[in-house]
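So this block is start.cif, mmCIF, C-alpha atoms:
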data_entry
loop_
_atom_site.label_atom_id
_atom_site.label_comp_id
_atom_site.auth_asym_id
_atom_site.auth_seq_id
_atom_site.Cartn_x
_atom_site.Cartn_y
_atom_site.Cartn_z
CA MET W 1 11.82 7.69 25.96
CA GLN W 2 8.29 6.90 24.79
CA ILE W 3 7.99 5.34 21.33
CA ALA W 4 4.74 4.99 19.39
CA ILE W 5 4.96 1.93 17.14
CA LEU W 6 2.34 2.18 14.40
CA ASP W 7 1.26 -1.26 13.21
CA GLY W 8 0.27 -0.70 9.60
CA THR W 9 -0.89 -4.21 8.71
CA PRO W 10 -4.60 -4.64 7.85
CA LYS W 11 -4.47 -8.14 9.39
CA PHE W 12 -5.70 -8.64 12.94
CA LYS W 13 -3.25 -11.43 13.67
CA GLU W 14 -0.26 -13.37 12.33
CA SER W 15 1.33 -10.76 10.10
CA ARG W 16 4.92 -10.21 9.01
CA SER W 17 4.65 -6.61 10.14
CA GLY W 18 3.51 -7.85 13.57
CA TYR W 19 6.57 -10.13 13.68
CA LEU W 20 8.89 -7.23 12.83
CA ILE W 21 7.16 -5.02 15.42
CA ASN W 22 7.63 -7.62 18.17
CA HIS W 23 11.28 -7.95 17.21
CA MET W 24 11.80 -4.15 17.33
CA GLU W 25 9.90 -3.87 20.61
CA ASN W 26 12.17 -6.55 22.11
CA LEU W 27 15.20 -4.57 20.95
CA LEU W 28 13.89 -1.15 22.06
CA GLY W 29 11.84 -2.12 25.10
CA GLY W 30 14.68 -2.36 27.63
CA ASN W 31 15.32 1.38 28.03
CA ASN W 32 12.19 2.76 26.40
CA GLU W 33 8.43 2.69 26.81
CA CYS W 34 6.92 1.28 23.62
CA HIS W 35 3.23 1.46 22.68
CA GLN W 36 1.92 -0.65 19.80
CA LEU W 37 -0.87 1.17 17.99
CA LYS W 38 -2.86 -0.98 15.60
CA LEU W 39 -3.97 1.37 12.84
CA ILE W 40 -6.71 -0.98 11.55
CA ARG W 41 -8.64 -0.10 14.75
CA LYS W 42 -10.08 3.20 13.55
CA SER W 43 -12.23 3.59 16.68
CA GLN W 44 -9.02 3.93 18.72
CA TRP W 45 -7.43 6.71 16.67
CA GLN W 46 -8.40 9.54 19.02
CA GLN W 47 -6.61 7.68 21.81
CA TYR W 48 -3.64 7.03 19.51
CA TYR W 49 -3.25 10.76 18.83
CA LYS W 50 -2.81 11.33 22.57
CA THR W 51 -0.23 8.52 22.80
CA ILE W 52 1.70 10.08 19.93
CA ASP W 53 1.48 13.49 21.62
CA GLU W 54 3.34 12.01 24.59
CA SER W 55 5.94 10.25 22.44
CA GLU W 56 9.28 11.41 21.08
CA VAL W 57 9.56 8.85 18.29
CA ILE W 58 7.16 7.18 15.84
CA LEU W 59 8.09 3.89 14.22
CA LEU W 60 5.77 2.85 11.37
CA VAL W 61 5.93 -0.80 10.33
CA ALA W 62 3.73 -1.73 7.38
CA PRO W 63 3.48 -4.08 4.41
CA LEU W 64 3.75 -2.84 0.84
CA TYR W 65 0.33 -2.88 -0.79
CA VAL W 66 0.04 -2.21 -4.54
CA ASP W 67 3.44 -0.45 -4.55
CA GLY W 68 2.39 1.91 -1.74
CA LEU W 69 1.08 2.14 1.79
CA PRO W 70 -2.09 0.22 2.77
CA SER W 71 -5.14 2.48 2.45
CA HIS W 72 -5.97 2.54 6.18
CA VAL W 73 -2.42 3.79 6.92
CA LEU W 74 -2.93 6.64 4.44
CA ASP W 75 -6.29 7.32 6.07
CA PHE W 76 -4.62 7.54 9.51
CA MET W 77 -1.97 9.91 8.18
CA TYR W 78 -4.69 12.08 6.60
CA HIS W 79 -6.71 12.22 9.86
CA TYR W 80 -3.66 12.77 12.08
CA GLU W 81 -2.67 15.76 9.94
CA LYS W 82 -6.21 17.14 10.37
CA TYR W 83 -6.00 16.56 14.15
CA LEU W 84 -2.77 18.57 14.29
CA LYS W 85 -4.33 21.45 12.31
CA ASP W 86 -7.53 21.46 14.39
CA GLU W 87 -5.57 21.43 17.67
CA GLY W 88 -2.96 23.89 16.42
CA LYS W 89 -0.16 21.49 17.39
CA THR W 90 3.36 21.22 16.01
CA PRO W 91 4.71 17.89 17.23
CA ASN W 92 8.37 17.42 18.08
CA LEU W 93 8.80 13.93 16.71
CA VAL W 94 11.26 11.81 14.76
CA MET W 95 9.73 9.29 12.36
CA TYR W 96 11.20 5.93 11.34
CA THR W 97 9.73 3.52 8.81
CA ILE W 98 10.02 -0.20 8.05
CA ILE W 99 8.16 -1.46 4.97
CA ASN W 100 8.25 -5.08 3.83
CA CYS W 101 7.14 -6.52 0.49
CA GLY W 102 6.82 -9.94 -1.10
CA PHE W 103 9.13 -9.06 -3.99
CA TYR W 104 12.82 -9.96 -3.79
CA GLU W 105 14.01 -6.39 -4.28
CA GLY W 106 13.90 -4.26 -1.14
CA ILE W 107 14.03 -1.16 -3.37
CA GLN W 108 10.46 -1.83 -4.45
CA ASN W 109 9.50 -0.37 -1.04
CA LYS W 110 11.08 2.98 -2.01
CA ILE W 111 7.86 4.70 -3.07
CA ALA W 112 6.07 3.80 0.19
CA ILE W 113 8.97 5.19 2.22
CA GLU W 114 9.00 8.34 0.05
CA ILE W 115 5.29 8.85 0.78
CA VAL W 116 6.05 8.69 4.52
CA ASN W 117 8.96 11.13 4.05
CA ASN W 118 6.65 13.54 2.17
CA TRP W 119 4.18 13.28 5.06
CA CYS W 120 6.95 14.12 7.54
CA ASN W 121 7.67 17.30 5.54
CA LYS W 122 3.96 18.10 5.34
CA ILE W 123 3.31 17.93 9.11
CA GLY W 124 6.69 19.29 10.14
CA ILE W 125 8.31 16.31 11.85
CA THR W 126 11.84 14.98 11.38
CA LYS W 127 12.41 12.13 8.97
CA GLY W 128 14.68 9.67 10.78
CA GLY W 129 15.14 7.04 8.09
CA GLY W 130 13.55 3.97 6.59
CA ILE W 131 14.27 0.33 5.78
CA GLY W 132 12.66 -1.46 2.84
CA ILE W 133 12.72 -5.25 3.24
CA GLY W 134 12.45 -7.62 0.29
CA ALA W 135 10.99 -11.14 0.39
CA GLY W 136 8.82 -10.28 3.38
CA THR W 137 6.54 -13.25 2.56
CA LEU W 138 9.38 -15.52 3.63
CA LEU W 139 9.50 -14.05 7.15
CA ALA W 140 7.70 -16.47 9.45
CA THR W 141 4.88 -14.98 11.48
CA ASP W 142 5.20 -17.10 14.57
CA LYS W 143 8.62 -18.67 14.51
CA PRO W 144 11.86 -16.85 15.21
CA ILE W 145 13.74 -18.96 12.69
CA PRO W 146 14.26 -16.38 9.94
CA PHE W 147 16.51 -14.06 11.90
CA THR W 148 18.86 -16.93 12.67
CA ALA W 149 18.86 -18.11 9.08
CA ALA W 150 21.78 -17.14 6.88
CA SER W 151 19.42 -15.53 4.40
CA ARG W 152 18.38 -12.94 6.99
CA LYS W 153 21.74 -12.21 8.68
CA THR W 154 22.03 -8.76 7.13
CA LEU W 155 18.44 -7.91 8.07
CA LYS W 156 19.07 -8.83 11.71
CA GLU W 157 22.22 -6.70 11.79
CA GLU W 158 20.53 -3.71 10.14
CA LEU W 159 17.55 -3.86 12.52
CA GLN W 160 20.03 -3.79 15.43
CA LYS W 161 21.69 -0.69 13.92
CA PHE W 162 18.22 0.81 13.35
CA LYS W 163 17.41 0.32 17.02
CA GLU W 164 20.64 2.13 17.98
CA LEU W 165 19.74 4.99 15.60
CA ILE W 166 16.23 5.29 17.05
CA GLU W 167 17.55 5.42 20.60
CA VAL W 168 19.63 8.53 19.84
CA LYS W 169 16.94 9.97 17.53
CA GLY W 170 19.47 10.09 14.75
CA THR W 171 18.88 10.34 11.01
CA LYS W 172 20.21 8.31 8.11
CA ASP W 173 19.51 7.61 4.46
CA ASP W 174 16.87 5.04 3.61
CA LEU W 175 18.13 1.49 3.16
CA TYR W 176 16.80 -1.35 0.96
CA LEU W 177 17.56 -4.98 1.74
CA ASN W 178 17.30 -8.12 -0.38
CA PRO W 179 17.49 -11.54 1.29
CA GLN W 180 20.78 -13.43 1.10
CA MET W 181 19.56 -15.98 -1.40
CA SER W 182 19.27 -16.03 -5.17
CA ARG W 183 16.25 -14.37 -6.72
CA SER W 184 15.26 -17.62 -8.45
CA LYS W 185 15.23 -19.45 -5.10
CA CYS W 186 13.20 -16.63 -3.58
CA MET W 187 10.67 -16.87 -6.44
CA ARG W 188 10.35 -20.66 -6.02
CA LEU W 189 9.83 -20.40 -2.25
CA SER W 190 7.36 -17.52 -2.62
CA ASP W 191 5.32 -19.36 -5.27
CA MET W 192 5.32 -22.45 -3.03
CA TYR W 193 4.00 -20.33 -0.17
CA TRP W 194 0.94 -19.33 -2.26
CA TYR W 195 0.37 -22.92 -3.40
CA PHE W 196 0.41 -24.04 0.24
CA CYS W 197 -2.07 -21.31 1.15
CA GLY W 198 -4.32 -22.65 -1.62
CA PHE W 199 -3.95 -26.24 -0.35
CA ALA W 200 -4.92 -25.09 3.13
CA ASN W 201 -8.15 -23.81 1.55
CA ARG W 202 -8.58 -27.07 -0.41
CA LEU W 203 -7.73 -25.46 -3.73
CA THR W 204 -5.55 -27.25 -6.26
CA PRO W 205 -2.91 -25.13 -8.03
CA LYS W 206 -5.06 -25.07 -11.18
CA LYS W 207 -7.93 -23.44 -9.26
CA LEU W 208 -5.71 -20.57 -8.17
CA TYR W 209 -5.44 -19.56 -11.85
CA VAL W 210 -9.19 -19.34 -12.44
CA LYS W 211 -10.37 -16.48 -14.70
CA ARG W 212 -13.71 -15.60 -13.20
CA GLN W 213 -16.04 -13.90 -15.73
CA MET I 1 -14.64 0.12 -22.20
CA ARG I 2 -13.27 2.49 -19.61
CA LEU I 3 -13.34 1.87 -15.89
CA ILE I 4 -13.27 5.16 -14.00
CA ILE I 5 -12.64 5.31 -10.27
CA HIS I 6 -12.71 8.69 -8.57
CA ASP I 7 -12.87 10.38 -5.17
CA LEU I 8 -14.85 13.43 -6.33
CA SER I 9 -18.14 14.56 -4.85
CA GLU I 10 -21.49 13.52 -6.32
CA GLU I 11 -21.94 16.76 -8.25
CA TYR I 12 -18.95 15.81 -10.44
CA GLU I 13 -19.84 12.12 -10.85
CA LYS I 14 -22.70 12.81 -13.25
CA LYS I 15 -20.31 14.57 -15.62
CA LEU I 16 -17.84 11.69 -15.84
CA LYS I 17 -19.75 8.91 -17.57
CA VAL I 18 -19.53 8.65 -21.35
CA ASN I 19 -21.21 5.85 -23.34
CA ASN I 20 -20.69 2.49 -21.60
CA ASP I 21 -18.02 3.58 -19.08
CA MET I 22 -18.15 2.03 -15.63
CA VAL I 23 -17.85 4.70 -12.94
CA LEU I 24 -17.12 4.03 -9.26
CA GLY I 25 -17.17 6.86 -6.74
CA ASN I 26 -17.11 7.30 -2.99
CA ASP I 27 -20.54 7.05 -1.36
CA GLY I 28 -19.11 6.29 2.07
CA THR I 29 -19.93 2.55 1.95
CA ILE I 30 -16.56 1.07 1.00
CA LYS I 31 -15.20 -1.52 3.43
CA SER I 32 -11.55 -1.43 4.31
CA CYS I 33 -9.26 -4.20 2.98
CA ILE I 34 -8.45 -6.70 5.74
CA GLY I 35 -5.42 -8.25 4.06
CA CYS I 36 -6.80 -11.80 4.20
CA PHE I 37 -5.57 -12.70 0.65
CA ASP I 38 -8.65 -14.96 0.27
CA CYS I 39 -9.12 -13.27 -3.12
CA TRP I 40 -5.92 -15.06 -4.14
CA THR I 41 -6.03 -18.33 -2.19
CA LYS I 42 -9.60 -19.19 -1.15
CA HIS I 43 -12.03 -17.82 -3.75
CA PRO I 44 -9.86 -16.26 -6.46
CA VAL I 45 -11.04 -12.91 -7.90
CA LEU I 46 -13.80 -12.61 -5.28
CA CYS I 47 -13.42 -10.20 -2.37
CA CYS I 48 -14.94 -11.54 0.85
CA LEU I 49 -16.11 -8.02 1.79
CA LYS I 50 -19.46 -7.51 0.10
CA ASP I 51 -20.09 -4.03 -1.22
CA LYS I 52 -20.32 -2.41 -4.65
CA TYR I 53 -16.52 -2.40 -5.00
CA SER I 54 -16.00 -6.17 -4.60
CA ASP I 55 -16.49 -6.90 -8.32
CA ASN I 56 -13.81 -4.43 -9.39
CA PRO I 57 -11.02 -7.01 -9.97
CA LYS I 58 -13.38 -9.11 -12.12
CA ASN I 59 -14.55 -6.06 -14.11
CA MET I 60 -10.99 -5.00 -14.85
CA GLN I 61 -10.71 -7.81 -17.41
CA TYR I 62 -13.15 -5.99 -19.70
CA MET I 63 -11.51 -2.59 -19.79
CA ASP I 64 -9.13 -1.02 -22.25
CA GLU I 65 -8.52 2.05 -20.11
CA TYR I 66 -8.36 2.43 -16.32
CA VAL I 67 -8.96 6.05 -15.37
CA ILE I 68 -8.14 7.12 -11.81
CA ILE I 69 -9.16 10.59 -10.61
CA THR I 70 -7.62 11.18 -7.22
CA GLU I 71 -6.41 13.73 -4.76
CA CYS I 72 -2.61 13.50 -4.61
CA TYR I 73 -1.81 12.97 -0.92
CA CYS I 74 1.92 13.06 -0.13
CA GLY I 75 2.58 11.57 -3.56
CA SER I 76 0.04 8.79 -3.13
CA TYR I 77 -3.51 8.17 -4.24
CA SER I 78 -6.17 9.25 -1.74
CA PRO I 79 -7.11 6.65 0.94
CA PHE I 80 -10.42 5.84 -0.79
CA ILE I 81 -8.80 5.22 -4.21
CA LYS I 82 -6.00 3.21 -2.61
CA ASN I 83 -8.61 1.04 -0.87
CA ILE I 84 -10.14 0.13 -4.24
CA LEU I 85 -6.68 -0.72 -5.59
CA ASP I 86 -5.81 -2.77 -2.49
CA ARG I 87 -8.99 -4.81 -2.95
CA SER I 88 -8.30 -5.35 -6.65
CA ILE I 89 -5.03 -7.29 -6.37
CA SER I 90 -6.72 -10.52 -7.52
CA TYR I 91 -6.89 -9.08 -11.06
CA MET I 92 -3.29 -10.37 -11.06
CA LEU I 93 -2.04 -13.77 -9.91
CA PRO I 94 -0.24 -14.15 -6.57
CA PHE I 95 2.83 -15.79 -8.13
CA PHE I 96 5.90 -14.09 -9.52
CA VAL I 97 7.58 -13.38 -12.84
CA ILE I 98 10.53 -11.24 -13.85
CA ARG I 99 9.57 -8.02 -15.61
CA ASN I 100 11.92 -5.04 -16.07
CA ASP I 101 14.57 -7.13 -14.26
CA GLU I 102 12.43 -7.21 -11.08
CA MET I 103 9.97 -9.60 -9.48
CA HIS I 104 6.32 -8.76 -10.26
CA HIS I 105 2.97 -10.52 -10.32
CA PRO I 106 1.93 -12.22 -13.58
CA GLU I 107 -1.34 -11.35 -15.30
CA ARG I 108 -4.40 -13.51 -14.77
CA TYR I 109 -6.38 -12.18 -17.74
CA SER I 110 -5.29 -11.53 -21.31
CA ASN I 111 -6.54 -7.92 -21.67
CA LYS I 112 -4.10 -5.03 -21.58
CA PHE I 113 -5.15 -1.50 -20.76
CA LYS I 114 -3.92 2.05 -20.52
CA LEU I 115 -3.57 3.51 -17.02
CA THR I 116 -4.59 7.19 -16.95
CA VAL I 117 -4.24 9.08 -13.68
CA TYR I 118 -5.58 12.57 -13.06
CA ALA I 119 -4.22 13.80 -9.75
CA TYR I 120 -5.30 17.04 -8.10
CA GLY I 121 -4.14 19.08 -5.16
CA ASN I 122 -3.61 22.64 -4.10
CA SER I 123 0.11 23.56 -3.82
CA LEU I 124 1.56 20.15 -4.58
CA THR I 125 5.31 20.12 -4.08
CA GLU I 126 7.66 18.92 -6.82
CA ARG I 127 8.65 16.07 -4.54
CA GLU I 128 5.02 14.93 -4.15
CA LYS I 129 4.51 15.06 -7.91
CA ALA I 130 7.71 13.06 -8.49
CA THR I 131 6.60 10.41 -5.99
CA MET I 132 3.17 10.19 -7.60
CA LYS I 133 4.67 9.77 -11.08
CA SER I 134 6.93 6.97 -9.79
CA PHE I 135 3.94 5.38 -8.07
CA VAL I 136 1.83 5.33 -11.24
CA LYS I 137 4.78 3.97 -13.24
CA ALA I 138 5.27 1.17 -10.68
CA ASN I 139 1.56 0.29 -10.81
CA ALA I 140 1.65 0.27 -14.62
CA ILE I 141 4.58 -2.16 -14.60
CA ASN I 142 2.90 -4.41 -12.04
CA LEU I 143 -0.41 -4.39 -13.93
CA ASN I 144 1.47 -4.97 -17.22
CA CYS I 145 -0.20 -1.93 -18.79
CA ASP I 146 0.57 -1.06 -22.38
CA ASP I 147 0.69 2.68 -21.58
CA TYR I 148 0.32 5.06 -18.65
CA THR I 149 0.05 8.82 -18.04
CA THR I 150 -0.08 11.04 -14.96
CA THR I 151 -1.45 14.58 -15.19
CA PHE I 152 -1.67 17.09 -12.34
CA PHE I 153 -4.39 19.67 -11.70
CA GLN I 154 -5.02 22.31 -9.05
CA SER I 155 -8.61 21.24 -8.38
CA PRO I 156 -11.32 18.72 -9.37
CA GLN I 157 -13.07 21.45 -11.37
CA ASP I 158 -10.02 21.69 -13.65
CA ILE I 159 -10.28 17.95 -14.36
CA ILE I 160 -14.00 18.21 -15.13
CA SER I 161 -13.41 21.18 -17.45
CA LEU I 162 -10.85 19.13 -19.38
CA TRP I 163 -13.18 16.11 -19.35
CA GLU I 164 -16.10 18.07 -20.75
CA GLY I 165 -13.89 19.60 -23.40
CA VAL I 166 -12.81 16.14 -24.55
CA LYS I 167 -16.41 14.83 -24.49
CA CYS I 168 -17.54 17.55 -26.89
CA LYS I 169 -14.99 16.52 -29.54
#

Whole structure given in structure tokens:
Amino acid sequence: MQIAILDGTPKFKESRSGYLINHMENLLGGNNECHQLKLIRKSQWQQYYKTIDESEVILLVAPLYVDGLPSHVLDFMYHYEKYLKDEGKTPNLVMYTIINCGFYEGIQNKIAIEIVNNWCNKIGITKGGGIGIGAGTLLATDKPIPFTAASRKTLKEELQKFKELIEVKGTKDDLYLNPQMSRSKCMRLSDMYWYFCGFANRLTPKKLYVKRQ
Amino acid sequence: MRLIIHDLSEEYEKKLKVNNDMVLGNDGTIKSCIGCFDCWTKHPVLCCLKDKYSDNPKNMQYMDEYVIITECYCGSYSPFIKNILDRSISYMLPFFVIRNDEMHHPERYSNKFKLTVYAYGNSLTEREKATMKSFVKANAINLNCDDYTTTFFQSPQDIISLWEGVKCK
């Protein structure tokens, strides 16, 4: 089965979404032909439409941006719908979604997944199901440690189940996952992450709070 | 002061500005957010992409109302409007606080504003409207707004008719 994996991160490298995509591709790749389509590359969209035409499943993996989908993902959805209308096509596809956010609560990804579900209804494809992941900032981008950590045990198990669902093109209700750690610990680690990013750019914590006029 | 962002055509833009409102529309020059987070961790409140939208997060500190006029696409803002919002995250701080029993970003500036969204679309489904209302509510919580409203219209002309009616009062 051919699967089109839509990479919805605006980053060109080292993203949490990229990490999740690689993990899903490792899970799905054995019996299926997976194609990663980087949506930030707008010049490639015409080619992407053809890849999707030949696929049976779409898997969108994207970060949560301002409580919704990143703008270039919306732009792709808008243009893909126009492509279908112009070509008079009705695709036979099942769509799956993984959204990750920096907040602890996986449910904060609900609106982004609903937007994708509304899009599925709009263009006439089957909504397969979605996973909203909390504390996405704490997923490493280049180390496989998180999935072996206790705090991510449930995520690893659910992604395995998601892979099994995708392979049979099944449908299920959307699922929202918090990490297996306290919210206060998650907040401390997440704040520390931003302080470290500031240090890497030679900014003291105080300078991150600047109120530019 | 009101900050008005819209995705309407130029013919409507002239009718939007009242007094000292700031109005930002789509002239095709906006650069797409690249998710670098430099506006949080390298040069706070400054977007590294230089265009007329890069000052938006800084300008938000002066407003008492944020007006968004947008096509409702699948329950979301239009891609252009969402791009402005994506590039305005540095109005808030990157860290976290608890608000409404959830993690959210704390405010950087002391101003509070009302979030007013006018969403238009032909044949919007009830589901799309419900998603849009939830979306605006979530944004209002994250931006720590003191009030928010979402109103739906069939077309941009309906919004302008309402706007001009209010201006005359």

Requested in this report: Output the residue selection produced by the PyMOL selection byres ((chain I) within 8 of (chain W)) on the file above, formatted as a VMD selection string.
Outcome: chain I and resid 32 to 36 40 to 42 44 to 45 58 74 to 76 78 to 80 82 to 83 85 to 86 89 93 to 97 102 to 104 108 to 109 127 to 128 131 134 to 135 138 to 139

Requested in this report: Write out as a PyMOL selection string each polymer residue whose atoms come within 9 Å of I:Ile4, counting only C-alpha atoms; drop sequence neighbours fewer than 4 positions from it.
Outcome: chain I and resi 16-17+21-25+65-69

Query raised in the report: So what does the PyMOL selection byres ((chain W and resi 100) around 7) actually pick up in this one, as a ChimeraX atom specification?
Result: /W:62-64,98-99,101,109,132-134,136

Requested in this report: Give as number ranges by chain the residues that the PyMOL selection byres ((chain I and resi 124) around 9) matches when applied to the coordinates above.
Outcome: I: 72-75, 120-123, 125-129, 152, 154

Query - Point-to-point distance from atom CA of W:Gly8 to atom CA of W:His79, Å rounded to tenths - result: 14.7 Å

Query - Interatomic distance (Å, one decimal) between atom CA of W:Leu155 and atom CA of W:Met1 - result: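 Atom CA of W:Met1 lies 24.6 Å from atom CA of W:Leu155.
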
Requested in this report: Write out as a PyMOL selection string the residues lying within 9 Å of stretch 140-146 of chain I, counting all atoms listed in the file and excluding same-chain residues fewer than 2 positions away.
Outcome: (chain W and resi 66-67) or (chain I and resi 91-92+99-100+104-107+112-115+135-138+148)

Report summary line: Taken to one decimal, the atom CA of W:Leu37-atom CA of W:Tyr49 distance is 9.9 Å

Write stretch 98-117 of chain W as a compact mmCIF listing (two decimals), in the frame of the given file, completed to N, CA, C and O atoms.
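Result file is out.txt:
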# COMPACT_ATOMS: atom_id res chain seq x y z
N ILE W 98 9.61 1.12 8.57
CA ILE W 98 10.02 -0.20 8.05
C ILE W 98 8.87 -0.70 7.18
O ILE W 98 7.75 -0.83 7.64
N ILE W 99 9.17 -0.92 5.89
CA ILE W 99 8.16 -1.46 4.97
C ILE W 99 8.69 -2.78 4.44
O ILE W 99 9.87 -2.89 4.10
N ASN W 100 7.81 -3.81 4.39
CA ASN W 100 8.25 -5.08 3.83
C ASN W 100 7.33 -5.50 2.69
O ASN W 100 6.12 -5.25 2.73
N CYS W 101 7.92 -6.10 1.66
CA CYS W 101 7.14 -6.52 0.49
C CYS W 101 7.46 -7.95 0.12
O CYS W 101 8.48 -8.49 0.56
N GLY W 102 6.60 -8.56 -0.68
CA GLY W 102 6.82 -9.94 -1.10
C GLY W 102 7.86 -10.07 -2.20
O GLY W 102 8.41 -11.15 -2.42
N PHE W 103 8.14 -9.00 -2.91
CA PHE W 103 9.13 -9.06 -3.99
C PHE W 103 10.53 -9.21 -3.42
O PHE W 103 10.82 -8.79 -2.29
N TYR W 104 11.44 -9.73 -4.21
CA TYR W 104 12.82 -9.96 -3.79
C TYR W 104 13.53 -8.64 -3.48
O TYR W 104 14.29 -8.53 -2.53
N GLU W 105 13.24 -7.63 -4.33
CA GLU W 105 14.01 -6.39 -4.28
C GLU W 105 13.48 -5.44 -3.19
O GLU W 105 12.35 -4.94 -3.30
N GLY W 106 14.30 -5.19 -2.19
CA GLY W 106 13.90 -4.26 -1.14
C GLY W 106 13.58 -2.88 -1.67
O GLY W 106 12.75 -2.16 -1.11
N ILE W 107 14.22 -2.50 -2.79
CA ILE W 107 14.03 -1.16 -3.37
C ILE W 107 12.61 -0.95 -3.84
O ILE W 107 12.18 0.19 -4.01
N GLN W 108 11.85 -2.01 -4.03
CA GLN W 108 10.46 -1.83 -4.45
C GLN W 108 9.61 -1.19 -3.34
O GLN W 108 8.46 -0.83 -3.58
N ASN W 109 10.18 -1.06 -2.13
CA ASN W 109 9.50 -0.37 -1.04
C ASN W 109 9.77 1.13 -1.05
O ASN W 109 9.26 1.87 -0.20
N LYS W 110 10.59 1.59 -2.01
CA LYS W 110 11.08 2.98 -2.01
C LYS W 110 9.94 3.99 -2.06
O LYS W 110 9.93 4.98 -1.34
N ILE W 111 8.95 3.73 -2.91
CA ILE W 111 7.86 4.70 -3.07
C ILE W 111 7.07 4.86 -1.76
O ILE W 111 6.73 5.96 -1.35
N ALA W 112 6.80 3.73 -1.09
CA ALA W 112 6.07 3.80 0.19
C ALA W 112 6.84 4.62 1.21
O ALA W 112 6.25 5.44 1.94
N ILE W 113 8.15 4.44 1.27
CA ILE W 113 8.97 5.19 2.22
C ILE W 113 9.00 6.67 1.82
O ILE W 113 8.95 7.56 2.68
N GLU W 114 9.04 6.94 0.52
CA GLU W 114 9.00 8.34 0.05
C GLU W 114 7.70 9.02 0.46
O GLU W 114 7.70 10.20 0.83
N ILE W 115 6.59 8.29 0.39
CA ILE W 115 5.29 8.85 0.78
C ILE W 115 5.34 9.25 2.26
O ILE W 115 4.88 10.33 2.65
N VAL W 116 5.92 8.37 3.09
CA VAL W 116 6.05 8.69 4.52
C VAL W 116 6.94 9.92 4.70
O VAL W 116 6.64 10.81 5.51
N ASN W 117 8.05 9.98 3.95
CA ASN W 117 8.96 11.13 4.05
C ASN W 117 8.25 12.42 3.65
O ASN W 117 8.44 13.47 4.28
